[in-house]
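Enquirer: Would you mind keeping the following structure in view while I ask a few things?
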Amino acid sequence: MIRPAAALAVALGVPAVAPAQPADRAAQITPYVWATGIGGSIRPVARGPELEFDSSFSEVLEDLDGAFFVSGLVRQGRFVALGDFSTSTSSRGGTLPPGLPAEGEVTQSSLTLAAGYRAQADPAWTIDFLAGVRFWTLDAQLDVPALGVSASRDVTFADPILAARTRVSLADDWSLIVYGDVGGFGVGSEQTGQVMATVNYAATDRLYLSAGYRQLHVDYEDDGVAIDATFSGPILGVTFAF
């Protein structure tokens with residue numbers, strides 16, 4: 001079984017990490033660390049072998065070849081917009097039946113764009129409803145040196161998404177933010193979804209510290225290619241609000 005692992009990444013401004021600002025206009029950027037493993041299965045070519053993988057946090061640094069994440073959020077009155085770009089490459093050695101050594105590599109890139117309306121704007125509780133699109137590029141490669149075989153496939157597709165984001169004040173300078181989206185609906189992938197929850201501390205009016213958990217999933221199948229992968233792990237961030 002080949003088990004690719006994914007990213008320990010530094011990112012800028014992930015949606016739903018930082019507390020919302022009370023002013024009529026606001027923007028934020030968040031450098032953060034996401035220690036993520038990958039679970040799922042990939043079949044890079046039609047009628048080819050299916051690669052199953054499940055990575056723990058301890059394997060992340062060993063298998064990670066590169067990663068980059070950047071996103072941001074802006075608000076004008078009750079209008080809210082966000083964007084997020086991420087890319088990571090991970091490789092993993094393993095065996096295929098009947099015990100042949102093999103090497104697998106997975107690269108994922110996604111761009112999420114969404115905009116919507118702040119339905120609830122109370123200082124103690126806000127909720128945003130958004131709609132948008134997530135663009136994907138997924139590249140899977142399998143090498144079996146003993147047979148001189150190398151197979152790879154990249155796919156590009158777009159998924160519509162529906163999202164919600166809420167912030168709840170807990171006590172004094174503490175807050176809880178939960179973000180979730182769901183999409184695909186058979187348009188690009190069969191299904192994609194994301195959930196993120198963070199506890200946030202306001203160090204100053206413009207600086208916030210966050211800790212939480214993020215999970216991103218995609219289930220895609222077309223023309224014999226099948227990719228069912230979940231990227232998940234804890235996050236730590238520092239948000240700068242403007």
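Following the order of the structure tokens, chains are lettered A, B, ..., residues in each are numbered from 1, and ligands are numbered from 1.
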Residues within 6 Å of range 127-138 of chain A, please, as a PDB file with N, CA and C atoms, in the first residue's frame. Count only C-alpha atoms; anything in the same chain fewer than 2 positions from it doesn't count.

Expert:
```pdb
ATOM      1  N   THR A 107       0.099  15.747  -6.046  1.00  0.00           N
ATOM      2  CA  THR A 107       0.112  17.209  -5.992  1.00  0.00           C
ATOM      3  C   THR A 107      -1.320  17.706  -6.082  1.00  0.00           C
ATOM      4  N   GLN A 108      -1.708  18.560  -5.143  1.00  0.00           N
ATOM      5  CA  GLN A 108      -3.039  19.160  -5.188  1.00  0.00           C
ATOM      6  C   GLN A 108      -2.898  20.673  -5.159  1.00  0.00           C
ATOM      7  N   SER A 109      -3.676  21.329  -6.007  1.00  0.00           N
ATOM      8  CA  SER A 109      -3.775  22.790  -5.997  1.00  0.00           C
ATOM      9  C   SER A 109      -5.250  23.152  -6.050  1.00  0.00           C
ATOM     10  N   SER A 110      -5.654  24.086  -5.209  1.00  0.00           N
ATOM     11  CA  SER A 110      -7.052  24.499  -5.205  1.00  0.00           C
ATOM     12  C   SER A 110      -7.154  26.000  -4.987  1.00  0.00           C
ATOM     13  N   LEU A 111      -8.119  26.600  -5.653  1.00  0.00           N
ATOM     14  CA  LEU A 111      -8.428  28.020  -5.495  1.00  0.00           C
ATOM     15  C   LEU A 111      -9.906  28.144  -5.177  1.00  0.00           C
ATOM     16  N   THR A 112     -10.208  28.686  -4.009  1.00  0.00           N
ATOM     17  CA  THR A 112     -11.591  28.881  -3.574  1.00  0.00           C
ATOM     18  C   THR A 112     -11.919  30.362  -3.570  1.00  0.00           C
ATOM     19  N   LEU A 113     -13.003  30.732  -4.239  1.00  0.00           N
ATOM     20  CA  LEU A 113     -13.494  32.108  -4.268  1.00  0.00           C
ATOM     21  C   LEU A 113     -14.961  32.086  -3.864  1.00  0.00           C
ATOM     22  N   ALA A 114     -15.340  32.954  -2.934  1.00  0.00           N
ATOM     23  CA  ALA A 114     -16.729  32.984  -2.474  1.00  0.00           C
ATOM     24  C   ALA A 114     -17.097  34.393  -2.035  1.00  0.00           C
ATOM     25  N   ALA A 115     -18.362  34.715  -2.156  1.00  0.00           N
ATOM     26  CA  ALA A 115     -18.876  36.010  -1.721  1.00  0.00           C
ATOM     27  C   ALA A 115     -20.279  35.803  -1.178  1.00  0.00           C
ATOM     28  N   GLY A 116     -20.680  36.700  -0.267  1.00  0.00           N
ATOM     29  CA  GLY A 116     -21.998  36.531   0.317  1.00  0.00           C
ATOM     30  C   GLY A 116     -22.422  37.678   1.203  1.00  0.00           C
ATOM     31  N   TYR A 117     -23.344  37.375   2.106  1.00  0.00           N
ATOM     32  CA  TYR A 117     -24.063  38.385   2.885  1.00  0.00           C
ATOM     33  C   TYR A 117     -23.964  38.065   4.368  1.00  0.00           C
ATOM     34  N   ARG A 118     -23.720  39.093   5.170  1.00  0.00           N
ATOM     35  CA  ARG A 118     -23.717  38.943   6.628  1.00  0.00           C
ATOM     36  C   ARG A 118     -25.153  39.042   7.126  1.00  0.00           C
ATOM     37  N   ALA A 119     -25.744  37.909   7.418  1.00  0.00           N
ATOM     38  CA  ALA A 119     -27.146  37.877   7.811  1.00  0.00           C
ATOM     39  C   ALA A 119     -27.363  38.317   9.250  1.00  0.00           C
ATOM     40  N   GLN A 120     -26.384  38.094  10.108  1.00  0.00           N
ATOM     41  CA  GLN A 120     -26.474  38.471  11.518  1.00  0.00           C
ATOM     42  C   GLN A 120     -25.219  39.258  11.871  1.00  0.00           C
ATOM     43  N   ASP A 154      -3.116  14.043 -14.563  1.00  0.00           N
ATOM     44  CA  ASP A 154      -3.565  15.249 -13.879  1.00  0.00           C
ATOM     45  C   ASP A 154      -4.954  15.609 -14.382  1.00  0.00           C
ATOM     46  N   VAL A 155      -5.777  16.091 -13.473  1.00  0.00           N
ATOM     47  CA  VAL A 155      -7.144  16.481 -13.801  1.00  0.00           C
ATOM     48  C   VAL A 155      -7.388  17.884 -13.270  1.00  0.00           C
ATOM     49  N   THR A 156      -8.184  18.638 -14.008  1.00  0.00           N
ATOM     50  CA  THR A 156      -8.556  19.995 -13.613  1.00  0.00           C
ATOM     51  C   THR A 156     -10.065  20.122 -13.711  1.00  0.00           C
ATOM     52  N   PHE A 157     -10.680  20.649 -12.677  1.00  0.00           N
ATOM     53  CA  PHE A 157     -12.133  20.788 -12.668  1.00  0.00           C
ATOM     54  C   PHE A 157     -12.532  21.872 -11.675  1.00  0.00           C
ATOM     55  N   ALA A 158     -13.798  22.250 -11.699  1.00  0.00           N
ATOM     56  CA  ALA A 158     -14.316  23.298 -10.817  1.00  0.00           C
ATOM     57  C   ALA A 158     -15.586  22.810 -10.140  1.00  0.00           C
ATOM     58  N   ASP A 159     -15.723  23.164  -8.870  1.00  0.00           N
ATOM     59  CA  ASP A 159     -16.887  22.785  -8.075  1.00  0.00           C
ATOM     60  C   ASP A 159     -17.618  24.020  -7.564  1.00  0.00           C
ATOM     61  N   PRO A 160     -18.932  24.116  -7.737  1.00  0.00           N
ATOM     62  CA  PRO A 160     -19.689  25.142  -7.023  1.00  0.00           C
ATOM     63  C   PRO A 160     -19.731  24.795  -5.541  1.00  0.00           C
ATOM     64  N   ILE A 161     -19.732  25.807  -4.688  1.00  0.00           N
ATOM     65  CA  ILE A 161     -19.802  25.563  -3.247  1.00  0.00           C
ATOM     66  C   ILE A 161     -20.807  26.513  -2.592  1.00  0.00           C
ATOM     67  N   LEU A 162     -21.370  26.061  -1.491  1.00  0.00           N
ATOM     68  CA  LEU A 162     -22.178  26.875  -0.587  1.00  0.00           C
ATOM     69  C   LEU A 162     -21.492  26.858   0.769  1.00  0.00           C
ATOM     70  N   ALA A 163     -21.409  28.029   1.420  1.00  0.00           N
ATOM     71  CA  ALA A 163     -20.617  28.123   2.645  1.00  0.00           C
ATOM     72  C   ALA A 163     -21.332  28.949   3.703  1.00  0.00           C
ATOM     73  N   ALA A 164     -20.934  28.724   4.948  1.00  0.00           N
ATOM     74  CA  ALA A 164     -21.414  29.512   6.081  1.00  0.00           C
ATOM     75  C   ALA A 164     -20.256  29.729   7.045  1.00  0.00           C
ATOM     76  N   ARG A 165     -20.253  30.877   7.698  1.00  0.00           N
ATOM     77  CA  ARG A 165     -19.185  31.254   8.626  1.00  0.00           C
ATOM     78  C   ARG A 165     -19.818  31.989   9.798  1.00  0.00           C
ATOM     79  N   THR A 166     -19.518  31.565  11.014  1.00  0.00           N
ATOM     80  CA  THR A 166     -20.093  32.208  12.186  1.00  0.00           C
ATOM     81  C   THR A 166     -19.031  32.494  13.227  1.00  0.00           C
TER      82      THR A 166
END
```

Enquirer: So, with only C-alpha atoms as the atoms that count, which of A:Thr30, A:Gly83, A:Trp174, A:Leu100 lies closest to Ala146 in chain A?

Expert: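 Nearest candidate to Ala146 in chain A out of A:Thr30, A:Gly83, A:Trp174, A:Leu100: A:Leu100.
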
Enquirer: Quick check for you: according to DSSP on this backbone, which residues of range 117-197 of chain A are classed as strand (DSSP E)? Reply as number ranges by chain.

Expert: A: 117-122, 125-144, 149-171, 174-183, 191-197

Enquirer: CA of Val168 in chain A and CA of Thr126 in chain A are how many Å apart?

Expert: 6.8 Å

Enquirer: Would you return as a ChimeraX atom specification the members of range 27-228 of chain A that DSSP assigns to helix (DSSP H, G or I) on this structure's backbone?

Expert: /A:57-63,145-147

Enquirer: Provide the CA of His217 in chain A to CA of Val182 in chain A distance in Å, to one decimal place.

Expert: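 Straight-line distance from CA of His217 in chain A to CA of Val182 in chain A works out to 9.4 Å.
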
Enquirer: A:Arg78, A:Val70, A:Val238, A:Ala229: which is nearest Ala203 in chain A, counting only C-alpha atoms?

Expert: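 Among the listed residues, the smallest separation from Ala203 in chain A belongs to A:Val238.
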
Enquirer: Env of Asn200 in chain A: 12 Å cut, atoms = only C-alpha atoms, seq-sep filter 6 positions within chain, self excluded. Answer as a ChimeraX atom specification.

Expert: /A:16-20,167-178,207-212,235-239

Enquirer: Using only C-alpha atoms, pick whichever of A:Met196, A:Asp139, A:Gly184, A:Glu221 has the shortest atom-to-atom distance to Thr89 in chain A.

Expert: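 Ranked by minimum distance to Thr89 in chain A, first place goes to A:Asp139.
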
Enquirer: Mind pulling up the distance from CA of Tyr213 in chain A to CA of Leu73 in chain A?

Expert: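 Those two atoms sit 18.7 Å apart.
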
Enquirer: What's around Gly233 in chain A at 8 Å? Count only C-alpha atoms, leave out sequence neighbours fewer than 6 positions away in its own chain, and write the answer as a PyMOL selection string.

Expert: chain A and resi 34-37+57+213-215

Enquirer: Can you write out the residues you just picked, keeping N, CA and C atoms, as a tab-separated table (two decimals), in the first residue's frame?

Expert:
```tsv
chain	number	residue	atom	x	y	z
A	34	TRP	N	-0.41	24.76	9.23
A	34	TRP	CA	-1.39	23.67	9.13
A	34	TRP	C	-0.64	22.35	9.04
A	35	ALA	N	-0.70	21.57	10.09
A	35	ALA	CA	-0.04	20.26	10.11
A	35	ALA	C	-1.06	19.22	9.66
A	36	THR	N	-1.00	18.85	8.39
A	36	THR	CA	-2.07	18.04	7.81
A	36	THR	C	-1.58	16.71	7.27
A	37	GLY	N	-2.36	15.69	7.49
A	37	GLY	CA	-2.14	14.39	6.88
A	37	GLY	C	-3.20	14.14	5.82
A	57	PHE	N	0.48	12.53	11.68
A	57	PHE	CA	1.23	13.77	11.83
A	57	PHE	C	2.73	13.52	11.83
A	213	TYR	N	-8.72	23.47	14.09
A	213	TYR	CA	-8.64	22.26	13.27
A	213	TYR	C	-9.29	22.53	11.92
A	214	ARG	N	-8.69	21.97	10.86
A	214	ARG	CA	-9.22	22.16	9.51
A	214	ARG	C	-9.24	20.82	8.77
A	215	GLN	N	-10.31	20.61	7.99
A	215	GLN	CA	-10.42	19.40	7.16
A	215	GLN	C	-10.98	19.78	5.79
```
